[in-house]
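A.B. asks: Got a file for you: input_30.tsv, TSV, C-alpha atoms.
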chain	number	residue	atom	x	y	z
A	1	MET	CA	0.00	0.00	0.00
A	2	ALA	CA	2.79	2.41	0.91
A	3	SER	CA	4.44	1.88	-2.48
A	4	SER	CA	1.17	2.41	-4.32
A	5	SER	CA	0.38	5.62	-2.46
A	6	CYS	CA	3.90	6.96	-3.05
A	7	PHE	CA	3.70	6.53	-6.81
A	8	SER	CA	0.09	7.53	-7.38
A	9	PRO	CA	0.78	11.29	-7.75
A	10	LEU	CA	3.44	10.53	-10.34
A	11	VAL	CA	1.11	8.19	-12.22
A	12	LEU	CA	-1.64	10.81	-12.16
A	13	LEU	CA	0.74	13.49	-13.39
A	14	LEU	CA	1.97	11.33	-16.27
A	15	ALA	CA	-1.58	10.45	-17.21
A	16	ALA	CA	-2.58	14.11	-17.20
A	17	LEU	CA	0.40	15.07	-19.35
A	18	CYS	CA	-0.41	12.27	-21.79
A	19	GLY	CA	-4.00	13.46	-22.01
A	20	LEU	CA	-2.91	17.03	-22.70
A	21	LEU	CA	-0.56	15.92	-25.45
A	22	MET	CA	-3.29	13.81	-27.06
A	23	LEU	CA	-5.71	16.76	-26.89
A	24	ALA	CA	-3.14	19.11	-28.43
A	25	SER	CA	-2.45	16.69	-31.25
A	26	ALA	CA	-6.16	16.17	-31.91
A	27	HIS	CA	-6.60	19.91	-32.34
A	28	GLY	CA	-3.71	20.21	-34.75
A	29	TYR	CA	-0.96	21.22	-32.35
A	30	PRO	CA	1.74	18.59	-32.70
A	31	PRO	CA	3.62	18.18	-29.40
A	32	SER	CA	6.84	19.51	-30.91
A	33	ALA	CA	9.61	21.57	-29.39
A	34	ALA	CA	8.91	24.37	-31.86
A	35	GLY	CA	5.19	24.53	-31.08
A	36	SER	CA	5.74	24.49	-27.32
A	37	ALA	CA	8.17	27.41	-27.60
A	38	LEU	CA	5.43	29.79	-28.73
A	39	SER	CA	3.75	31.81	-26.00
A	40	SER	CA	1.40	34.80	-25.83
A	41	ALA	CA	3.78	36.20	-23.18
A	42	PHE	CA	6.91	35.83	-25.31
A	43	TYR	CA	7.62	39.58	-25.54
A	44	ASP	CA	6.28	40.58	-22.13
A	45	ALA	CA	9.79	41.33	-20.83
A	46	SER	CA	11.72	42.10	-24.03
A	47	CYS	CA	9.15	44.27	-25.84
A	48	PRO	CA	6.04	44.75	-23.66
A	49	GLY	CA	4.51	47.36	-25.96
A	50	ALA	CA	4.77	45.29	-29.16
A	51	HIS	CA	1.02	44.73	-29.53
A	52	ASP	CA	0.25	48.42	-29.03
A	53	VAL	CA	2.89	49.46	-31.58
A	54	VAL	CA	1.46	47.13	-34.23
A	55	ARG	CA	-2.08	48.26	-33.49
A	56	ARG	CA	-1.18	51.95	-33.74
A	57	VAL	CA	0.46	51.57	-37.16
A	58	ILE	CA	-2.49	49.58	-38.54
A	59	GLN	CA	-4.99	52.10	-37.18
A	60	ASP	CA	-3.10	54.90	-38.91
A	61	ALA	CA	-2.84	52.95	-42.17
A	62	ARG	CA	-6.54	52.08	-42.40
A	63	VAL	CA	-7.52	55.76	-42.32
A	64	SER	CA	-6.24	56.15	-45.88
A	65	ASP	CA	-6.60	52.49	-46.90
A	66	PRO	CA	-9.71	50.76	-45.49
A	67	ARG	CA	-8.65	47.54	-47.28
A	68	ILE	CA	-5.48	47.14	-45.23
A	69	PRO	CA	-6.89	44.91	-42.44
A	70	ALA	CA	-8.09	42.31	-44.98
A	71	SER	CA	-4.79	42.58	-46.85
A	72	LEU	CA	-2.72	41.98	-43.73
A	73	ILE	CA	-4.56	38.84	-42.65
A	74	ARG	CA	-4.10	37.49	-46.18
A	75	LEU	CA	-0.32	38.00	-45.88
A	76	HIS	CA	-0.28	35.85	-42.74
A	77	PHE	CA	-2.30	33.14	-44.50
A	78	HIS	CA	-0.05	33.11	-47.58
A	79	ASP	CA	3.05	33.11	-45.40
A	80	CYS	CA	2.04	30.19	-43.19
A	81	PHE	CA	1.00	27.95	-46.09
A	82	VAL	CA	4.52	28.16	-47.58
A	83	ASN	CA	7.44	26.92	-45.45
A	84	GLY	CA	5.38	27.54	-42.32
A	85	CYS	CA	4.93	30.88	-40.56
A	86	ASP	CA	8.45	32.22	-41.10
A	87	GLY	CA	7.97	35.55	-42.88
A	88	SER	CA	9.37	34.17	-46.14
A	89	LEU	CA	6.60	35.91	-48.13
A	90	LEU	CA	8.03	39.28	-47.13
A	91	LEU	CA	11.45	38.71	-48.73
A	92	ASP	CA	12.23	40.63	-51.92
A	93	ASP	CA	14.39	39.28	-54.74
A	94	ASP	CA	18.05	39.11	-53.77
A	95	LEU	CA	19.42	37.07	-56.64
A	96	PRO	CA	20.93	34.59	-56.96
A	97	THR	CA	20.27	33.61	-53.33
A	98	ILE	CA	16.64	34.68	-52.83
A	99	ARG	CA	13.75	34.49	-55.31
A	100	THR	CA	10.72	36.30	-53.95
A	101	GLU	CA	7.42	34.51	-53.36
A	102	LYS	CA	5.66	37.78	-54.18
A	103	ALA	CA	5.93	37.05	-57.92
A	104	VAL	CA	4.07	33.71	-57.97
A	105	PRO	CA	0.56	33.82	-59.51
A	106	ALA	CA	-1.28	33.71	-56.17
A	107	ASN	CA	0.62	36.77	-54.92
A	108	ASP	CA	1.60	38.80	-57.98
A	109	ASN	CA	-0.39	42.05	-58.17
A	110	SER	CA	-2.59	40.57	-55.46
A	111	ALA	CA	-0.79	40.26	-52.12
A	112	ARG	CA	-0.48	43.76	-50.71
A	113	GLY	CA	0.23	45.67	-47.51
A	114	PHE	CA	4.01	45.24	-47.54
A	115	PRO	CA	4.73	48.95	-46.90
A	116	VAL	CA	2.55	48.77	-43.77
A	117	VAL	CA	4.58	45.78	-42.57
A	118	ASP	CA	7.70	47.88	-43.20
A	119	ASP	CA	6.23	50.67	-41.07
A	120	ILE	CA	5.40	48.25	-38.27
A	121	LYS	CA	8.90	46.81	-38.36
A	122	ALA	CA	10.48	50.29	-38.29
A	123	ALA	CA	8.35	51.28	-35.30
A	124	LEU	CA	9.24	48.07	-33.44
A	125	GLU	CA	12.95	48.45	-34.25
A	126	HIS	CA	12.77	51.92	-32.73
A	127	ALA	CA	11.02	50.62	-29.60
A	128	CYS	CA	12.79	47.25	-29.20
A	129	PRO	CA	15.71	46.83	-31.63
A	130	GLY	CA	16.31	43.31	-32.90
A	131	VAL	CA	13.57	41.71	-30.80
A	132	VAL	CA	10.29	41.17	-32.70
A	133	SER	CA	10.40	38.93	-35.78
A	134	CYS	CA	8.69	39.70	-39.07
A	135	ALA	CA	6.82	36.39	-38.81
A	136	ASP	CA	5.37	37.50	-35.47
A	137	ILE	CA	4.48	40.89	-36.96
A	138	LEU	CA	2.25	39.10	-39.48
A	139	ALA	CA	0.61	37.03	-36.72
A	140	LEU	CA	-0.06	40.10	-34.57
A	141	ALA	CA	-1.23	42.17	-37.54
A	142	ALA	CA	-3.74	39.47	-38.54
A	143	GLU	CA	-5.35	39.36	-35.09
A	144	ILE	CA	-5.44	43.14	-34.69
A	145	SER	CA	-6.88	43.59	-38.20
A	146	VAL	CA	-9.73	41.18	-37.50
A	147	GLU	CA	-10.50	42.78	-34.16
A	148	LEU	CA	-10.47	46.33	-35.60
A	149	ALA	CA	-12.97	45.21	-38.25
A	150	GLY	CA	-15.39	43.93	-35.60
A	151	GLY	CA	-14.24	40.31	-35.44
A	152	PRO	CA	-13.03	38.11	-32.58
A	153	ARG	CA	-9.96	38.61	-30.45
A	154	TRP	CA	-7.52	35.87	-29.48
A	155	ARG	CA	-4.24	35.55	-27.62
A	156	VAL	CA	-1.60	35.39	-30.33
A	157	LEU	CA	1.12	32.84	-29.66
A	158	LEU	CA	4.51	34.46	-30.31
A	159	GLY	CA	8.17	33.54	-30.50
A	160	ARG	CA	8.56	32.72	-34.19
A	161	ARG	CA	11.83	33.53	-35.88
A	162	ASP	CA	12.33	34.57	-39.48
A	163	GLY	CA	13.32	32.24	-42.29
A	164	THR	CA	16.31	32.94	-44.50
A	165	THR	CA	15.00	31.19	-47.63
A	166	THR	CA	11.91	31.19	-49.83
A	167	ASN	CA	10.07	28.28	-51.45
A	168	ILE	CA	8.81	29.18	-54.91
A	169	GLU	CA	7.42	25.74	-55.79
A	170	SER	CA	5.37	25.61	-52.61
A	171	ALA	CA	4.18	29.18	-53.15
A	172	LYS	CA	2.95	28.19	-56.61
A	173	ASN	CA	0.68	25.65	-54.89
A	174	LEU	CA	-1.13	28.09	-52.59
A	175	PRO	CA	-4.92	27.64	-52.43
A	176	SER	CA	-6.46	29.15	-55.55
A	177	PRO	CA	-9.83	30.86	-56.06
A	178	PHE	CA	-10.48	28.25	-58.76
A	179	ASP	CA	-9.63	25.14	-56.71
A	180	ALA	CA	-12.20	22.36	-56.44
A	181	LEU	CA	-13.24	21.33	-52.94
A	182	ASP	CA	-11.14	18.16	-52.88
A	183	VAL	CA	-8.07	20.17	-53.92
A	184	LEU	CA	-8.68	22.73	-51.17
A	185	GLN	CA	-9.17	19.97	-48.61
A	186	GLU	CA	-5.90	18.33	-49.62
A	187	LYS	CA	-3.97	21.60	-49.43
A	188	PHE	CA	-5.35	22.27	-45.97
A	189	ARG	CA	-4.71	18.70	-44.79
A	190	ASN	CA	-1.11	19.03	-45.95
A	191	VAL	CA	-0.60	21.68	-43.24
A	192	ASN	CA	-2.63	19.81	-40.61
A	193	LEU	CA	-5.86	21.80	-41.06
A	194	ASP	CA	-9.22	20.03	-41.27
A	195	ASP	CA	-12.61	20.85	-42.83
A	196	THR	CA	-13.66	23.05	-39.92
A	197	ASP	CA	-10.45	25.03	-40.30
A	198	LEU	CA	-11.05	25.29	-44.05
A	199	VAL	CA	-14.58	26.67	-43.68
A	200	ALA	CA	-13.59	28.98	-40.80
A	201	LEU	CA	-10.50	30.42	-42.47
A	202	GLN	CA	-12.31	30.95	-45.78
A	203	GLY	CA	-14.56	33.15	-43.65
A	204	ALA	CA	-11.84	35.80	-43.79
A	205	HIS	CA	-13.39	36.56	-47.19
A	206	THR	CA	-16.08	38.38	-45.22
A	207	PHE	CA	-14.12	41.59	-45.77
A	208	GLY	CA	-11.75	43.04	-48.34
A	209	LYS	CA	-11.80	43.14	-52.11
A	210	VAL	CA	-10.88	40.88	-55.02
A	211	GLN	CA	-9.98	41.51	-58.65
A	212	CYS	CA	-12.98	40.78	-60.87
A	213	GLN	CA	-10.93	38.32	-62.96
A	214	PHE	CA	-10.99	35.91	-59.99
A	215	THR	CA	-14.74	36.06	-59.34
A	216	ARG	CA	-17.43	33.64	-60.45
A	217	GLU	CA	-18.98	36.30	-62.69
A	218	ASN	CA	-15.58	37.34	-64.06
A	219	CYS	CA	-15.39	40.95	-65.24
A	220	THR	CA	-18.38	42.68	-66.75
A	221	ALA	CA	-18.12	44.34	-70.16
A	222	GLY	CA	-15.69	47.20	-70.07
A	223	GLN	CA	-14.15	46.26	-66.70
A	224	PRO	CA	-10.37	45.85	-66.67
A	225	GLU	CA	-9.15	42.57	-65.16
A	226	GLY	CA	-7.77	44.42	-62.15
A	227	ALA	CA	-11.09	46.09	-61.30
A	228	LEU	CA	-11.97	45.47	-57.66
A	229	GLU	CA	-15.14	43.91	-56.26
A	230	ASN	CA	-16.19	43.58	-52.63
A	231	LEU	CA	-15.83	40.01	-51.40
A	232	ASP	CA	-18.90	40.53	-49.23
A	233	GLN	CA	-21.49	42.76	-50.88
A	234	VAL	CA	-23.52	43.13	-47.67
A	235	THR	CA	-20.98	44.39	-45.10
A	236	PRO	CA	-17.72	44.69	-47.09
A	237	ASN	CA	-15.62	46.34	-44.36
A	238	LEU	CA	-16.92	44.40	-41.36
A	239	PHE	CA	-15.69	41.07	-40.07
A	240	ASP	CA	-18.93	39.15	-39.47
A	241	ASN	CA	-20.72	35.99	-40.60
A	242	LYS	CA	-22.62	37.55	-43.53
A	243	TYR	CA	-20.17	35.79	-45.88
A	244	TYR	CA	-21.81	32.45	-45.04
A	245	GLY	CA	-25.27	33.86	-45.77
A	246	ASN	CA	-23.93	34.85	-49.18
A	247	LEU	CA	-22.90	31.23	-49.76
A	248	LEU	CA	-26.37	29.98	-48.78
A	249	HIS	CA	-27.89	32.30	-51.41
A	250	GLY	CA	-25.37	31.24	-54.06
A	251	GLN	CA	-23.75	34.66	-53.99
A	252	ALA	CA	-20.14	33.90	-53.06
A	253	GLN	CA	-17.73	35.93	-55.15
A	254	LEU	CA	-15.04	33.26	-55.44
A	255	PRO	CA	-15.59	29.82	-57.01
A	256	SER	CA	-13.48	28.28	-54.22
A	257	ASP	CA	-15.95	29.66	-51.66
A	258	GLN	CA	-19.17	28.48	-53.29
A	259	VAL	CA	-17.81	24.92	-53.72
A	260	MET	CA	-18.10	24.49	-49.96
A	261	LEU	CA	-21.84	24.17	-50.64
A	262	SER	CA	-22.10	23.15	-54.29
A	263	ASP	CA	-19.54	20.35	-54.55
A	264	PRO	CA	-21.01	16.81	-54.58
A	265	VAL	CA	-19.13	15.87	-51.39
A	266	ALA	CA	-19.99	19.14	-49.59
A	267	PRO	CA	-23.21	17.84	-47.93
A	268	THR	CA	-21.18	15.38	-45.86
A	269	THR	CA	-18.12	17.57	-45.28
A	270	THR	CA	-18.16	21.38	-45.46
A	271	ALA	CA	-21.82	22.31	-46.04
A	272	PRO	CA	-23.02	21.54	-42.48
A	273	ILE	CA	-20.26	23.79	-41.13
A	274	VAL	CA	-21.27	26.60	-43.51
A	275	HIS	CA	-24.87	26.33	-42.23
A	276	ARG	CA	-23.65	26.39	-38.60
A	277	PHE	CA	-21.58	29.51	-39.08
A	278	ALA	CA	-24.32	31.25	-41.10
A	279	SER	CA	-26.77	30.83	-38.22
A	280	ASN	CA	-24.40	31.50	-35.32
A	281	GLN	CA	-21.80	34.27	-35.48
A	282	LYS	CA	-20.39	33.42	-32.06
A	283	ASP	CA	-19.74	29.87	-33.24
A	284	PHE	CA	-17.95	31.23	-36.32
A	285	PHE	CA	-15.88	33.69	-34.28
A	286	ARG	CA	-14.87	30.99	-31.79
A	287	ASN	CA	-13.81	28.58	-34.51
A	288	PHE	CA	-12.10	31.25	-36.59
A	289	ALA	CA	-9.92	32.26	-33.63
A	290	ALA	CA	-9.06	28.62	-32.91
A	291	SER	CA	-8.19	27.98	-36.57
A	292	MET	CA	-6.01	31.12	-36.74
A	293	ILE	CA	-4.04	29.93	-33.73
A	294	LYS	CA	-3.74	26.50	-35.31
A	295	MET	CA	-2.59	27.96	-38.65
A	296	GLY	CA	-0.09	30.19	-36.83
A	297	ASN	CA	1.46	27.05	-35.40
A	298	ILE	CA	2.45	25.64	-38.80
A	299	SER	CA	6.18	24.81	-38.65
A	300	PRO	CA	7.43	27.88	-36.78
A	301	LEU	CA	11.16	28.51	-36.46
A	302	THR	CA	12.07	28.96	-32.80
A	303	GLY	CA	15.06	28.95	-30.49
A	304	LYS	CA	18.23	29.43	-32.53
A	305	ASP	CA	16.67	28.53	-35.88
A	306	GLY	CA	16.30	31.32	-38.41
A	307	GLU	CA	16.94	34.90	-37.35
A	308	ILE	CA	15.26	38.15	-36.32
A	309	ARG	CA	15.40	40.22	-39.48
A	310	LYS	CA	16.30	43.87	-39.18
A	311	ASN	CA	14.49	44.55	-42.46
A	312	CYS	CA	11.56	42.27	-43.30
A	313	ARG	CA	12.45	42.41	-47.03
A	314	ARG	CA	16.04	41.17	-46.59
A	315	VAL	CA	17.87	38.47	-44.69
A	316	ASN	CA	20.40	39.92	-42.30
A	317	SER	CA	23.96	40.52	-43.36
A	318	LYS	CA	26.42	38.12	-41.80
A	319	GLY	CA	27.49	39.30	-38.42
A	320	TYR	CA	24.23	41.11	-37.60
How does the structure come out when it is put into structure tokens?
C.D. replies:
Amino acid sequence: MASSSCFSPLVLLLAALCGLLMLASAHGYPPSAAGSALSSAFYDASCPGAHDVVRRVIQDARVSDPRIPASLIRLHFHDCFVNGCDGSLLLDDDLPTIRTEKAVPANDNSARGFPVVDDIKAALEHACPGVVSCADILALAAEISVELAGGPRWRVLLGRRDGTTTNIESAKNLPSPFDALDVLQEKFRNVNLDDTDLVALQGAHTFGKVQCQFTRENCTAGQPEGALENLDQVTPNLFDNKYYGNLLHGQAQLPSDQVMLSDPVAPTTTAPIVHRFASNQKDFFRNFAASMIKMGNISPLTGKDGEIRKNCRRVNSKGY
């Protein structure tokens, strides 16, 4: 009896730890050293005002450019789906070493907001030199942008470091507005995101604009291909669940959005989730926040991997 009572706390502790690891894995958080290094308190001592600095720059930017919140969350999405959340999307050409991901079809003349990221980085370098990574800037900017547009808030996990390479082939395989549902599902599964994550993250199309050449209607007579259309015709600058109502009425702007209802396999996969989110904004907000955290945990560089770039468009010179 004495032996059993001595070991029972240890057994209980191990069982609890095992349960937590299983829960984390089930929700898409692999129990890896990199994932465990991220923390919402990462900059509490080294740069306590980081969140406020990012927020201030975005608030100033959206006065002259109301599209910027939607643009910034898209940068985080397109960064994390290529090489993980390492800020590689922000790198400019530096041939022959670096080929920019900005020139691939999914980003060329489409991904935007890079000057605002530059402004955020400059402000953070003034406040806390060499501390906050460009990858973390994108994660913070995404959360702040959603919240400023009326969407949910969440505690952003931080501590990512910046990559020193790009991946052009992977960037060419980013989710496309013309992808069929099974293609979208495969691309999301490849980064450990499931159907709920797919439907929730597509909900970011509830604000912002898109070039008419990518819409289901294409461009009307006389419209140039770069003409802009609101992604959500009802509340184009608000982050809400009206996007899912658009889908229910067959009014999604992008083919890759409407397939979540129209595809033959949708009734048993994505369609029930669309209906849930259309009828319950709180449910959408809760799942969107969870999926953003999950996406932000895709293959982060932590510890001594990567670097903290001084300029988000360039890898650091040797010796920095």
A.B. asks: From the set A:Gln251, A:Ala204, A:Ile98, A:Thr269, which residue has the shortest atom-to-atom contact distance to Pro152 (chain A), counting only C-alpha atoms?
C.D. replies: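 Smallest separation from Pro152 (chain A) among the options: A:Ala204.
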A.B. asks: Of the candidates A:Met260, A:Leu238, A:Leu75, A:Leu90, which one gets nearest to Thr206 (chain A) if we count all atoms listed in the file?
C.D. replies: A:Leu238
A.B. asks: At what distance in Å, to one decimal, does CA of Ser299 (chain A) lie from CA of Gly163 (chain A)?
C.D. replies: 10.9 Å
A.B. asks: Select, from A:Ala135, A:Val199, A:Arg155, A:Gly306, the residue with the minimum atom-to-atom distance to Arg276 (chain A), counting only C-alpha atoms.
C.D. replies: A:Val199
A.B. asks: Asn190 (chain A): which residues within 12 Å, counting all atoms listed in the file, same-chain residues fewer than 4 positions away excluded, as an NGL selection string?
C.D. replies: :A and (28 or 80-84 or 170 or 173-175 or 183-186 or 194 or 198 or 295 or 298-299)
A.B. asks: Quick one: residues within 10 Å of region 219-229 of chain A, all atoms listed in the file counted, chain neighbours fewer than 2 positions away excluded, as an mmCIF file with C-alpha atoms, keeping the file's coordinate frame?
C.D. replies:
data_model
loop_
_atom_site.group_PDB
_atom_site.id
_atom_site.type_symbol
_atom_site.label_atom_id
_atom_site.label_comp_id
_atom_site.auth_asym_id
_atom_site.auth_seq_id
_atom_site.Cartn_x
_atom_site.Cartn_y
_atom_site.Cartn_z
ATOM 1 C CA ASN A 109 -0.390 42.050 -58.170
ATOM 2 C CA SER A 110 -2.590 40.570 -55.460
ATOM 3 C CA GLY A 208 -11.750 43.040 -48.340
ATOM 4 C CA LYS A 209 -11.800 43.140 -52.110
ATOM 5 C CA VAL A 210 -10.880 40.880 -55.020
ATOM 6 C CA GLN A 211 -9.980 41.510 -58.650
ATOM 7 C CA CYS A 212 -12.980 40.780 -60.870
ATOM 8 C CA GLN A 213 -10.930 38.320 -62.960
ATOM 9 C CA PHE A 214 -10.990 35.910 -59.990
ATOM 10 C CA THR A 215 -14.740 36.060 -59.340
ATOM 11 C CA ARG A 216 -17.430 33.640 -60.450
ATOM 12 C CA GLU A 217 -18.980 36.300 -62.690
ATOM 13 C CA LEU A 231 -15.830 40.010 -51.400
ATOM 14 C CA ASP A 232 -18.900 40.530 -49.230
ATOM 15 C CA GLN A 233 -21.490 42.760 -50.880
ATOM 16 C CA PRO A 236 -17.720 44.690 -47.090
ATOM 17 C CA GLN A 253 -17.730 35.930 -55.150
#
A.B. asks: Applying 9 Å and only C-alpha atoms, which residues near Val132 (chain A) remain after dropping the ones on its own chain fewer than 3 positions away? List them as an NGL selection string.
C.D. replies: :A and (43 or 46-47 or 50 or 121 or 124-125 or 128-129 or 135-137 or 159-161 or 308-309)
A.B. asks: With all atoms listed in the file as the atoms that count, which of A:His275, A:Arg56, A:His78, A:Arg67 lies nearest to Lys102 (chain A)?
C.D. replies: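 The closest residue to Lys102 (chain A) is A:His78.
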A.B. asks: Quick one: residues within 10 Å of Trp154 (chain A), only C-alpha atoms, excluding same-chain residues fewer than 4 positions away - as an NGL selection string?
C.D. replies: :A and (40 or 140 or 143-144 or 146-147 or 285-286 or 288-290 or 292-293)
A.B. asks: Measuring atom to atom with all atoms listed in the file, identify which of A:Ala123, A:Ala252, A:Leu201, A:Cys134 is nearest to Phe277 (chain A).
C.D. replies: A:Leu201
A.B. asks: Please compute the CA of Asn311 (chain A)-CA of Phe207 (chain A) distance, one decimal, in Å.
C.D. replies: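 Rounded to one decimal, the two atoms are 29.0 Å apart.
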A.B. asks: Figure out the distance between CA of Asp195 (chain A) and CA of Thr268 (chain A), please, to one decimal in Å.
C.D. replies: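 So the two atoms, CA of Thr268 (chain A) and CA of Asp195 (chain A), lie 10.6 Å apart.
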A.B. asks: Let me make sure I understand: among A:Thr100, A:Ser291, A:Gln202, A:Ser279, which one has the smallest atom-to-atom distance to Glu169 (chain A) if we use all atoms listed in the file?
C.D. replies: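 Result for the nearest residue to Glu169 (chain A): A:Thr100.
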